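A quick write-up on the structure given underneath.
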Amino acid sequence: MDPGLLAGPDLLAEWEGIRAVDHHCHPLLRWPLELTPLRFRAVFTEAADPVIVREHVPCTVAYRGAVACLAGALGCAATEDAILSARDGEDPGAYANRLLERSGTGVLLLDHGFGGEAVFTAAEHRQEISLPQHEIVRLETLAENLALDVGDPSEWRQAVHAGLRAAVEGGACAVKTIAAYRSGLQLHRHSPDEVAREFSRWRAAMRRDGDHSSESTHSRPRLTSKALCDTLVFEAAACCRTLGVPLQVHCGFGDPDEDLALASPLGLRPLFEDSALRGLNVMLLHCYPYHREAAYLAAVYPGAFMDLSLAIPLAAVDGARALREALGLCPWSKLLYATDASRLPELYFVAATRQREALATALSGLVDDGFLSGDEAVEAGRRVLAGNAIALYGLRPG
Amino acid sequence: MDPGLLAGPDLLAEWEGIRAVDHHCHPLLRWPLELTPLRFRAVFTEAADPVIVREHVPCTVAYRGAVACLAGALGCAATEDAILSARDGEDPGAYANRLLERSGTGVLLLDHGFGGEAVFTAAEHRQEISLPQHEIVRLETLAENLALDVGDPSEWRQAVHAGLRAAVEGGACAVKTIAAYRSGLQLHRHSPDEVAREFSRWRAAMRRDGDHSSESTHSRPRLTSKALCDTLVFEAAACCRTLGVPLQVHCGFGDPDEDLALASPLGLRPLFEDSALRGLNVMLLHCYPYHREAAYLAAVYPGAFMDLSLAIPLAAVDGARALREALGLCPWSKLLYATDASRLPELYFVAATRQREALATALSGLVDDGFLSGDEAVEAGRRVLAGNAIALYGLRPG
Amino acid sequence: MDPGLLAGPDLLAEWEGIRAVDHHCHPLLRWPLELTPLRFRAVFTEAADPVIVREHVPCTVAYRGAVACLAGALGCAATEDAILSARDGEDPGAYANRLLERSGTGVLLLDHGFGGEAVFTAAEHRQEISLPQHEIVRLETLAENLALDVGDPSEWRQAVHAGLRAAVEGGACAVKTIAAYRSGLQLHRHSPDEVAREFSRWRAAMRRDGDHSSESTHSRPRLTSKALCDTLVFEAAACCRTLGVPLQVHCGFGDPDEDLALASPLGLRPLFEDSALRGLNVMLLHCYPYHREAAYLAAVYPGAFMDLSLAIPLAAVDGARALREALGLCPWSKLLYATDASRLPELYFVAATRQREALATALSGLVDDGFLSGDEAVEAGRRVLAGNAIALYGLRPG
């Protein structure tokens, strides 16, 4: 082989045999389903508003790029209609499994705490999707479910600890917090008095709500108190450390239910500085546009890891650019592959494809610029696609 | 035609016939004027300090690039002297109109609340400049002018509402707030008591000032109270929604009278989350270096729009890079062309040229990377240059 | 000469004769020293944790790039072992001086307030290293040393002023503050009462500590009170202005002892807005990932200067990208070359090499894009490498 080629290997080809670990994604929509254009477009945006889905998603690079990407894979024209027609008459399960298989993902780590009745349960998902799967426990959902049956914050924390332990013993491989959607990521320790006060207030609101709508749990007052949310994250962090599973933290980019201004991962510093939490692994999810900040944390704290899921593919070429920026400080031993995909197999495929492309582009550029050898780039990619997740989550190599 | 060319169309050529809508700029300096080198340089910086203008502006990429750009257009040497000589002996009006004509801008939306006596009034500007023009009302100026004649915050808000309505009925096509220069963009609702207290304090200061300098309005105490500024923005937002005009908000980059740390558009979230404001359109101006944040807002809220005026041309190549970054999340149906130019026709020309170049570079790159077809890129540019503004401001297509 | 070449000069070759001024670096480790692989890796990270050094530094672009860079310079294989072997058997002083000589740096401005006993004192450093050297006074160290011998904040401030004056009269060319590591850069004026209270509290803690560990000064309570740290910075700013030396401020990227969320240079605005400080020069060090914000300050305030030391080389290609971003707003008359190197001559060499490369890449790109002429790019580089520092620090040209 021409040694000159070592300087610029075809990384995508080198990684073809790697079954990637998608360490953060969500379940698919139940089938059969009627896939309208609007429902198709809706998976390519974080907006919930129908005006965005109808008028603006078709004017995004992410969506047009997704259509182009799917057209290539499905052998059809690069139009919405053609993509939608391509799945017509196909068995939805066979179609989904084929796209997931082609995506190069080999294992799914699933957060089921999102999507409600419209998506498969964990048991159904295993039955319908042939890829190996593991579950992620969603912290706030668990903590909200436990709050009515306990008397005070201390009992609540114990119940949360017990609940997380049971989940991990039942096979869960990580705990995920969406504190960014509740009171933001600027973590502080709060006094026991304040926590007790806030807990009583929240409980009272829950009981009032329970009286009025005893059959529904949907309108239950959400956990949003900063004192309680922060306390819960610290408790979960201690549990994760003890149980030996990572704490996944939603950072940065997400839907507008969150205030992006409060979602910088730099607010998580107390998790890394507290010596009692030494050994805890914190997985910073999404991160964009705070990816340079996340990369900094990953560079200086042994327990900090990051991904650019969701930003790739939804921020399109800027997601790929963010990956290149993150590789400034972030060691590739701390960077993980993930899609954050949900609902439609088309999204898993596009997200997976864009993740690999972005990684190949970033690492090839580093080879071209003389920072890495070709072999180093190939090996770095192996770790990002699978090796780091296998080690972090204690998975058996595929 | 070679179909291969479709993959990389010459976008600047494709857009040549498009008369762009400059939806945010300022009036020109009155002529005749003596254009010294320092006065020429001063339009290519946000600094007010003469040391910056004299010593540092000539060492900026924006300025050197502007000289190069103008030299090309004027057919002279790429030096300050040559540019200045090129307009010598020319009729200033003919010269200005010719440069504006060549800039490709077809309509000007003008904020006249800046520049004082040195610049043309709206009436003069229409007379001197042949391009079609519309006015933008500056919120804080209007609200300050009305404050002395009212008794309390409620009357003040009513007067503001009436003033904005009159302005819109008189032809104004947008309201602009410079809250970023006053108390920052972290909007909050304030209690009526606090608003009343602050209003009394401000009024007292105005009266004291009025006693001392009854003939001048220049030294009048500016509206800077956070409670009042925030309240005013919420009031203006409600008016704009009712009147059907966009609220333009200065975000990010500006002159040092503002604290850039307080100018992130993410602080405007309450405008988008308040269901009473549903239907309001908010135009985020400038945005740099918070353009990824602005793009996020544009991606998830139907009423959020953005531009990179001022940053292009003043942040030079990084302004163009910011545009590429913004096109990660921002739909091109939400991105608008604007120059924020003021004072000298040379600036309008350079800003307009750099806006088109940056847009062409960004969209061409997306075609090259397979995200967009050539036709999609051409169409995206049409919308950014004119279509989006025509729809947003209810203009008649040119 | 082919005039076409003027469009893209080989900038590195053009600058070959320029002896650069490294206006911010630290002393070398004493020799002889036993250089283990871990000790070698440790200089290429801001992490203090041995897990990072052992497992993750080898997976960083900065480290692999450093090995590649050194291999080229030393004529050995691009492996850690080969680099370490290359210095075996060499006289450490000769080896260090040779690498420093080859780095292109001609003058060192040294912050000796870091590294303790393991590094050379200022006197030793002059003796061992043949390059001309100047010292930088570290503000917080000086102020902590003076606090026990004074009675109140006013005396403390006077003692600090006297101490800085003595240092400058003794040859120091700048004052450096690490307020970012203590209470952050969001500077405010604090009331004399609050300052007095905080001073008493700190002094009491110092005395208690003094009783227990009278022989050691290491465990002395650090100055971390926000009121005291801010007051100290304002005092130092006034002194620097009077003494005619720049105030260097650590901004952004650093080791995890600092909270990066508090390290944006935008918090320094009061230093630029206070008319009593007019004429003060503030040197913003490192800046990444707040380099666009630093560039903004440099663009609008005559007294603001910046560098990308530390980020280049540690943020690898993203450090170089940050330089390109900074050149959007920052005049090249405000941008300075520096390495922030310390401990091992290998780091000085790599950092210096990467600084020049990044500058050449950034400026060449601007020539290619038609913003600068080749001559302008050559001249801009001269200023960044040496001219700006010679003027700012009042050095004699080399």
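Chains: A, B, ... in order of the structure tokens. Residues: from 1 per chain. Ligands: from 1, in order shown.
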Let's have chain B fitted on chain C; use all the C-alpha atoms paired in order for the least-squares step and return it as a compact mmCIF listing (two decimals) with C-alpha atoms, in the first residue's frame.
```
# COMPACT_ATOMS: atom_id res chain seq x y z
CA MET B 1 9.87 38.22 -8.32
CA ASP B 2 6.53 37.01 -9.54
CA PRO B 3 4.02 39.62 -8.36
CA GLY B 4 1.43 36.86 -8.04
CA LEU B 5 3.40 35.65 -5.06
CA LEU B 6 2.59 38.86 -3.22
CA ALA B 7 -0.95 37.62 -2.87
CA GLY B 8 0.18 34.70 -0.78
CA PRO B 9 3.56 35.27 0.81
CA ASP B 10 5.18 32.56 2.86
CA LEU B 11 4.62 34.41 6.09
CA LEU B 12 6.66 32.05 8.25
CA ALA B 13 9.64 32.66 6.01
CA GLU B 14 9.04 36.41 6.01
CA TRP B 15 9.02 36.45 9.79
CA GLU B 16 12.04 34.19 10.23
CA GLY B 17 14.30 37.00 11.35
CA ILE B 18 11.86 38.33 13.93
CA ARG B 19 12.86 37.60 17.51
CA ALA B 20 9.45 37.46 19.12
CA VAL B 21 8.61 38.93 22.52
CA ASP B 22 6.96 36.31 24.69
CA HIS B 23 5.16 38.74 26.95
CA HIS B 24 3.78 36.12 29.28
CA CYS B 25 5.47 32.93 30.32
CA HIS B 26 6.77 31.18 33.44
CA PRO B 27 10.13 29.85 34.60
CA LEU B 28 11.62 26.49 33.70
CA LEU B 29 11.95 23.58 36.09
CA ARG B 30 15.32 23.37 37.80
CA TRP B 31 17.71 20.90 36.33
CA PRO B 32 18.95 18.28 36.48
CA LEU B 33 15.58 16.63 36.59
CA GLU B 34 14.37 13.14 35.95
CA LEU B 35 11.93 13.50 33.13
CA THR B 36 9.41 10.67 33.32
CA PRO B 37 6.76 10.26 30.65
CA LEU B 38 4.13 11.45 33.13
CA ARG B 39 6.06 14.58 33.98
CA PHE B 40 6.52 15.26 30.28
CA ARG B 41 2.82 14.81 29.53
CA ALA B 42 1.84 16.98 32.49
CA VAL B 43 3.03 20.17 30.82
CA PHE B 44 0.58 19.66 27.94
CA THR B 45 -2.56 19.93 30.04
CA GLU B 46 -4.18 22.30 32.50
CA ALA B 47 -5.41 19.31 34.49
CA ALA B 48 -3.72 18.53 37.76
CA ASP B 49 -5.28 15.10 38.13
CA PRO B 50 -2.91 12.18 37.49
CA VAL B 51 -5.69 10.19 35.83
CA ILE B 52 -5.97 12.84 33.15
CA VAL B 53 -2.21 12.97 32.70
CA ARG B 54 -1.83 9.21 32.47
CA GLU B 55 -4.88 8.19 30.47
CA HIS B 56 -6.26 11.17 28.62
CA VAL B 57 -3.44 13.51 27.69
CA PRO B 58 -2.11 10.93 25.19
CA CYS B 59 -5.56 11.09 23.59
CA THR B 60 -5.45 14.82 22.96
CA VAL B 61 -4.71 16.54 19.70
CA ALA B 62 -2.49 19.01 21.54
CA TYR B 63 -0.25 16.26 22.90
CA ARG B 64 -0.04 14.21 19.72
CA GLY B 65 0.58 17.38 17.79
CA ALA B 66 3.30 18.37 20.25
CA VAL B 67 5.04 15.03 19.82
CA ALA B 68 4.85 15.42 16.05
CA CYS B 69 6.14 18.98 16.26
CA LEU B 70 9.06 18.03 18.52
CA ALA B 71 9.91 14.99 16.42
CA GLY B 72 10.33 17.28 13.44
CA ALA B 73 12.56 19.66 15.35
CA LEU B 74 14.65 16.99 17.06
CA GLY B 75 14.89 14.72 14.07
CA CYS B 76 13.56 11.72 15.93
CA ALA B 77 10.55 9.42 15.66
CA ALA B 78 7.17 10.90 16.57
CA THR B 79 6.84 8.96 19.82
CA GLU B 80 7.02 9.93 23.45
CA ASP B 81 9.97 7.62 24.00
CA ALA B 82 11.94 9.08 21.16
CA ILE B 83 11.35 12.65 22.37
CA LEU B 84 12.43 11.73 25.87
CA SER B 85 15.49 9.89 24.60
CA ALA B 86 16.52 12.86 22.47
CA ARG B 87 17.39 14.88 25.55
CA ASP B 88 19.15 12.00 27.30
CA GLY B 89 22.84 12.56 27.69
CA GLU B 90 22.48 16.19 26.67
CA ASP B 91 23.47 18.93 29.03
CA PRO B 92 20.08 20.16 30.25
CA GLY B 93 21.05 23.83 30.07
CA ALA B 94 22.47 23.56 26.58
CA TYR B 95 19.44 21.59 25.46
CA ALA B 96 17.00 24.11 26.95
CA ASN B 97 18.80 27.11 25.54
CA ARG B 98 19.02 25.52 22.12
CA LEU B 99 15.27 24.78 22.02
CA LEU B 100 14.41 28.25 23.25
CA GLU B 101 16.73 29.75 20.68
CA ARG B 102 15.08 27.73 17.94
CA SER B 103 11.63 28.73 19.11
CA GLY B 104 12.12 32.18 17.64
CA THR B 105 11.40 33.88 20.93
CA GLY B 106 13.86 36.69 21.64
CA VAL B 107 12.72 38.07 24.98
CA LEU B 108 10.91 36.48 27.91
CA LEU B 109 8.52 38.36 30.21
CA LEU B 110 8.31 36.01 33.17
CA ASP B 111 5.69 35.51 35.83
CA HIS B 112 7.63 33.83 38.64
CA GLY B 113 4.68 33.53 41.00
CA PHE B 114 3.95 29.94 40.13
CA GLY B 115 5.82 26.68 40.47
CA GLY B 116 7.36 27.11 43.91
CA GLU B 117 10.65 25.42 44.74
CA ALA B 118 10.66 23.22 41.69
CA VAL B 119 11.38 26.05 39.29
CA PHE B 120 14.28 28.45 38.95
CA THR B 121 14.18 31.74 40.81
CA ALA B 122 14.40 34.90 38.74
CA ALA B 123 18.11 35.21 39.44
CA GLU B 124 18.81 31.57 38.60
CA HIS B 125 16.67 31.82 35.48
CA ARG B 126 18.73 34.72 34.16
CA GLN B 127 21.86 32.76 34.82
CA GLU B 128 20.71 29.56 33.19
CA ILE B 129 18.80 30.94 30.23
CA SER B 130 20.59 33.19 27.82
CA LEU B 131 17.54 35.01 26.43
CA PRO B 132 16.90 38.52 27.80
CA GLN B 133 14.29 38.46 30.55
CA HIS B 134 12.00 40.80 32.44
CA GLU B 135 9.80 40.10 35.43
CA ILE B 136 6.07 40.41 35.94
CA VAL B 137 4.80 41.02 39.52
CA ARG B 138 1.97 38.79 40.63
CA LEU B 139 -0.53 41.00 42.38
CA GLU B 140 -2.26 38.56 44.72
CA THR B 141 0.99 37.07 46.00
CA LEU B 142 2.36 40.51 46.79
CA ALA B 143 -0.90 41.61 48.42
CA GLU B 144 -1.12 38.48 50.57
CA ASN B 145 2.46 38.92 51.73
CA LEU B 146 1.75 42.48 52.80
CA ALA B 147 -1.54 41.93 54.57
CA LEU B 148 -0.24 40.85 57.98
CA ASP B 149 1.90 43.93 58.46
CA VAL B 150 -0.79 46.53 57.99
CA GLY B 151 -3.68 47.73 60.12
CA ASP B 152 -6.55 48.33 57.77
CA PRO B 153 -7.57 48.20 54.10
CA SER B 154 -6.29 51.69 53.47
CA GLU B 155 -2.82 50.81 54.76
CA TRP B 156 -2.98 47.58 52.81
CA ARG B 157 -3.71 49.44 49.59
CA GLN B 158 -0.89 51.84 50.30
CA ALA B 159 1.45 48.97 50.94
CA VAL B 160 0.37 47.31 47.71
CA HIS B 161 0.94 50.53 45.84
CA ALA B 162 4.38 50.90 47.37
CA GLY B 163 5.18 47.27 46.65
CA LEU B 164 4.19 47.56 43.01
CA ARG B 165 6.14 50.77 42.65
CA ALA B 166 9.23 49.13 44.13
CA ALA B 167 8.84 46.16 41.82
CA VAL B 168 8.53 48.37 38.75
CA GLU B 169 11.46 50.50 39.85
CA GLY B 170 13.33 47.23 40.27
CA GLY B 171 12.68 46.36 36.66
CA ALA B 172 9.29 44.64 36.56
CA CYS B 173 7.49 45.45 33.34
CA ALA B 174 3.93 44.48 34.23
CA VAL B 175 1.57 43.52 37.04
CA LYS B 176 -0.48 40.35 36.75
CA THR B 177 -3.74 39.52 38.47
CA ILE B 178 -5.23 36.08 38.90
CA ALA B 179 -8.52 37.43 40.25
CA ALA B 180 -10.22 34.92 37.91
CA TYR B 181 -8.92 32.18 40.22
CA ARG B 182 -10.13 33.88 43.34
CA SER B 183 -13.50 35.55 43.06
CA GLY B 184 -13.96 35.90 39.31
CA LEU B 185 -13.76 38.80 36.89
CA GLN B 186 -17.15 40.42 37.41
CA LEU B 187 -15.62 43.54 38.94
CA HIS B 188 -17.65 45.80 41.17
CA ARG B 189 -16.81 48.65 43.51
CA HIS B 190 -17.52 47.66 47.11
CA SER B 191 -18.34 49.95 50.00
CA PRO B 192 -15.50 50.84 52.39
CA ASP B 193 -17.50 49.23 55.21
CA GLU B 194 -17.77 45.94 53.38
CA VAL B 195 -14.10 46.03 52.48
CA ALA B 196 -13.15 46.74 56.10
CA ARG B 197 -15.32 43.88 57.36
CA GLU B 198 -13.88 41.43 54.89
CA PHE B 199 -10.37 42.57 55.61
CA SER B 200 -10.85 41.99 59.34
CA ARG B 201 -12.27 38.54 58.72
CA TRP B 202 -9.39 37.58 56.44
CA ARG B 203 -6.79 38.92 58.87
CA ALA B 204 -8.36 37.01 61.75
CA ALA B 205 -8.21 33.82 59.72
CA MET B 206 -4.56 34.52 58.88
CA ARG B 207 -3.67 35.04 62.52
CA ARG B 208 -5.39 31.83 63.58
CA ASP B 209 -3.54 30.04 60.86
CA GLY B 210 -0.27 31.73 61.83
CA ASP B 211 -0.60 30.41 65.39
CA HIS B 212 -0.94 26.85 64.23
CA SER B 213 1.64 26.70 61.52
CA SER B 214 4.05 29.45 62.27
CA GLU B 215 6.77 28.09 60.08
CA SER B 216 4.80 27.54 56.93
CA THR B 217 3.25 30.17 54.73
CA HIS B 218 1.72 27.63 52.43
CA SER B 219 -1.43 26.97 54.37
CA ARG B 220 -2.08 30.68 54.90
CA PRO B 221 -5.70 31.55 54.05
CA ARG B 222 -5.79 32.71 50.45
CA LEU B 223 -7.31 36.00 49.49
CA THR B 224 -10.65 34.97 48.04
CA SER B 225 -13.15 37.53 49.32
CA LYS B 226 -14.85 39.17 46.36
CA ALA B 227 -14.85 42.57 48.01
CA LEU B 228 -11.12 42.35 48.68
CA CYS B 229 -10.13 40.86 45.34
CA ASP B 230 -12.11 43.43 43.37
CA THR B 231 -10.75 46.26 45.49
CA LEU B 232 -7.25 44.98 44.95
CA VAL B 233 -7.70 44.89 41.18
CA PHE B 234 -8.99 48.45 41.12
CA GLU B 235 -6.06 49.52 43.28
CA ALA B 236 -3.58 47.73 41.03
CA ALA B 237 -5.21 49.29 37.98
CA ALA B 238 -4.70 52.75 39.43
CA CYS B 239 -1.07 51.92 40.28
CA CYS B 240 -0.35 50.50 36.82
CA ARG B 241 -1.76 53.61 35.23
CA THR B 242 0.46 55.80 37.39
CA LEU B 243 3.51 53.61 36.95
CA GLY B 244 3.02 53.26 33.23
CA VAL B 245 2.97 49.46 33.11
CA PRO B 246 0.22 47.21 31.79
CA LEU B 247 -2.06 45.20 34.04
CA GLN B 248 -2.09 41.60 32.82
CA VAL B 249 -5.35 39.81 33.62
CA HIS B 250 -5.80 36.06 33.46
CA CYS B 251 -9.04 35.55 31.48
CA GLY B 252 -10.78 32.39 30.38
CA PHE B 253 -8.92 29.08 30.04
CA GLY B 254 -6.86 27.93 33.01
CA ASP B 255 -6.56 25.10 35.47
CA PRO B 256 -9.63 23.79 37.35
CA ASP B 257 -8.83 25.80 40.43
CA GLU B 258 -10.75 28.52 38.60
CA ASP B 259 -14.44 28.55 37.73
CA LEU B 260 -14.39 29.21 33.99
CA ALA B 261 -17.94 30.59 34.21
CA LEU B 262 -16.56 33.58 36.13
CA ALA B 263 -13.62 34.28 33.85
CA SER B 264 -15.08 36.24 30.94
CA PRO B 265 -13.15 39.45 30.26
CA LEU B 266 -16.44 41.29 29.75
CA GLY B 267 -16.59 41.58 33.54
CA LEU B 268 -13.59 43.93 33.36
CA ARG B 269 -15.68 46.68 31.72
CA PRO B 270 -15.41 48.96 34.80
CA LEU B 271 -11.65 49.17 34.23
CA PHE B 272 -12.30 50.63 30.79
CA GLU B 273 -15.27 52.82 31.60
CA ASP B 274 -13.84 54.53 34.68
CA SER B 275 -12.47 57.87 33.47
CA ALA B 276 -10.05 57.94 36.41
CA LEU B 277 -8.32 54.94 34.85
CA ARG B 278 -8.01 56.54 31.42
CA GLY B 279 -4.63 55.59 30.00
CA LEU B 280 -4.43 52.25 31.75
CA ASN B 281 -3.43 49.35 29.52
CA VAL B 282 -5.03 46.02 30.28
CA MET B 283 -3.56 42.90 28.76
CA LEU B 284 -6.18 40.14 28.51
CA LEU B 285 -4.32 36.84 28.76
CA HIS B 286 -5.46 33.51 27.21
CA CYS B 287 -9.11 34.60 26.73
CA TYR B 288 -10.34 31.32 25.15
CA PRO B 289 -13.24 30.52 24.89
CA TYR B 290 -14.12 34.17 25.49
CA HIS B 291 -11.81 35.37 22.74
CA ARG B 292 -14.58 36.97 20.66
CA GLU B 293 -15.56 38.92 23.77
CA ALA B 294 -11.94 39.91 24.37
CA ALA B 295 -11.62 40.96 20.73
CA TYR B 296 -14.67 43.16 21.20
CA LEU B 297 -13.05 44.91 24.16
CA ALA B 298 -9.84 45.37 22.19
CA ALA B 299 -11.84 46.83 19.32
CA VAL B 300 -13.64 49.49 21.32
CA TYR B 301 -11.37 50.42 24.25
CA PRO B 302 -7.94 51.97 23.56
CA GLY B 303 -6.50 50.31 26.67
CA ALA B 304 -7.56 46.72 25.92
CA PHE B 305 -5.08 44.23 24.44
CA MET B 306 -5.34 40.45 24.12
CA ASP B 307 -3.47 37.24 23.44
CA LEU B 308 -4.31 33.59 22.87
CA SER B 309 -1.50 32.19 24.94
CA LEU B 310 -2.18 28.83 26.58
CA ALA B 311 -5.08 28.17 24.20
CA ILE B 312 -2.33 27.93 21.59
CA PRO B 313 -1.01 25.24 21.94
CA LEU B 314 -3.32 23.48 24.43
CA ALA B 315 -6.58 23.88 22.53
CA ALA B 316 -4.72 22.60 19.44
CA VAL B 317 -6.41 23.48 16.17
CA ASP B 318 -9.23 25.20 18.02
CA GLY B 319 -6.71 27.62 19.46
CA ALA B 320 -5.70 28.50 15.91
CA ARG B 321 -9.37 28.82 14.99
CA ALA B 322 -9.86 31.12 17.97
CA LEU B 323 -7.09 33.33 16.63
CA ARG B 324 -8.90 33.58 13.29
CA GLU B 325 -12.12 34.41 15.13
CA ALA B 326 -10.40 37.03 17.28
CA LEU B 327 -9.00 38.74 14.17
CA GLY B 328 -12.58 39.52 13.24
CA LEU B 329 -12.83 42.42 15.66
CA CYS B 330 -9.41 42.71 17.28
CA PRO B 331 -7.04 45.15 15.55
CA TRP B 332 -3.67 43.50 14.99
CA SER B 333 -2.20 46.42 16.87
CA LYS B 334 -3.93 44.97 19.95
CA LEU B 335 -3.04 41.30 19.56
CA LEU B 336 0.13 39.95 21.17
CA TYR B 337 2.21 36.84 20.87
CA ALA B 338 2.72 34.81 24.07
CA THR B 339 3.13 31.18 25.02
CA ASP B 340 2.27 31.01 28.74
CA ALA B 341 4.83 28.20 28.65
CA SER B 342 6.41 26.87 31.81
CA ARG B 343 8.57 24.07 33.17
CA LEU B 344 10.02 22.31 30.12
CA PRO B 345 11.79 23.81 27.12
CA GLU B 346 9.80 21.44 24.90
CA LEU B 347 6.63 23.34 25.79
CA TYR B 348 8.19 26.71 24.97
CA PHE B 349 9.22 25.38 21.61
CA VAL B 350 5.86 23.80 20.73
CA ALA B 351 3.87 26.82 21.97
CA ALA B 352 6.05 29.26 20.05
CA THR B 353 5.85 27.17 16.89
CA ARG B 354 2.07 26.86 17.11
CA GLN B 355 1.67 30.58 17.78
CA ARG B 356 3.57 31.43 14.60
CA GLU B 357 1.76 28.81 12.55
CA ALA B 358 -1.64 29.98 13.75
CA LEU B 359 -0.79 33.58 12.99
CA ALA B 360 0.50 32.68 9.54
CA THR B 361 -2.59 30.62 8.75
CA ALA B 362 -4.94 33.35 9.92
CA LEU B 363 -3.22 36.14 8.02
CA SER B 364 -2.65 34.07 4.88
CA GLY B 365 -6.34 33.30 4.80
CA LEU B 366 -7.12 37.00 4.91
CA VAL B 367 -4.78 37.59 1.99
CA ASP B 368 -6.39 34.75 0.05
CA ASP B 369 -9.82 36.22 0.71
CA GLY B 370 -8.79 39.64 -0.53
CA PHE B 371 -9.04 41.44 2.80
CA LEU B 372 -5.33 42.13 3.16
CA SER B 373 -2.41 42.58 0.80
CA GLY B 374 0.61 40.38 1.30
CA ASP B 375 2.58 43.33 2.64
CA GLU B 376 -0.12 44.16 5.13
CA ALA B 377 -0.11 40.57 6.38
CA VAL B 378 3.66 40.57 6.80
CA GLU B 379 3.52 43.84 8.70
CA ALA B 380 0.59 42.71 10.88
CA GLY B 381 2.61 39.67 11.90
CA ARG B 382 5.63 41.78 12.80
CA ARG B 383 3.50 43.79 15.14
CA VAL B 384 1.89 40.77 16.77
CA LEU B 385 5.17 38.93 17.21
CA ALA B 386 7.15 41.82 18.62
CA GLY B 387 6.17 45.38 17.77
CA ASN B 388 3.07 45.62 19.93
CA ALA B 389 4.83 44.20 22.98
CA ILE B 390 7.85 46.44 22.52
CA ALA B 391 5.58 49.48 22.52
CA LEU B 392 3.27 48.27 25.29
CA TYR B 393 6.01 47.27 27.73
CA GLY B 394 8.46 49.96 26.72
CA LEU B 395 11.13 47.44 25.71
CA ARG B 396 14.15 48.25 23.63
CA PRO B 397 13.71 46.73 20.19
CA GLY B 398 15.94 43.65 19.82
```
- Task: Go through stretch 195-361 of chain A and collect every residue that DSSP, computed from the backbone, puts in strand (DSSP E); the answer should be as a PyMOL selection string.
- Result: chain A and resi 247-251+282-286+304-307+309-310+335-336
- Hey, what does DSSP flag as helix (DSSP H, G or I) within stretch 117-247 of chain C? Can you give it to me as a ChimeraX atom specification? /C:117-118,122-128,139-147,153-169,179-182,192-212,226-243
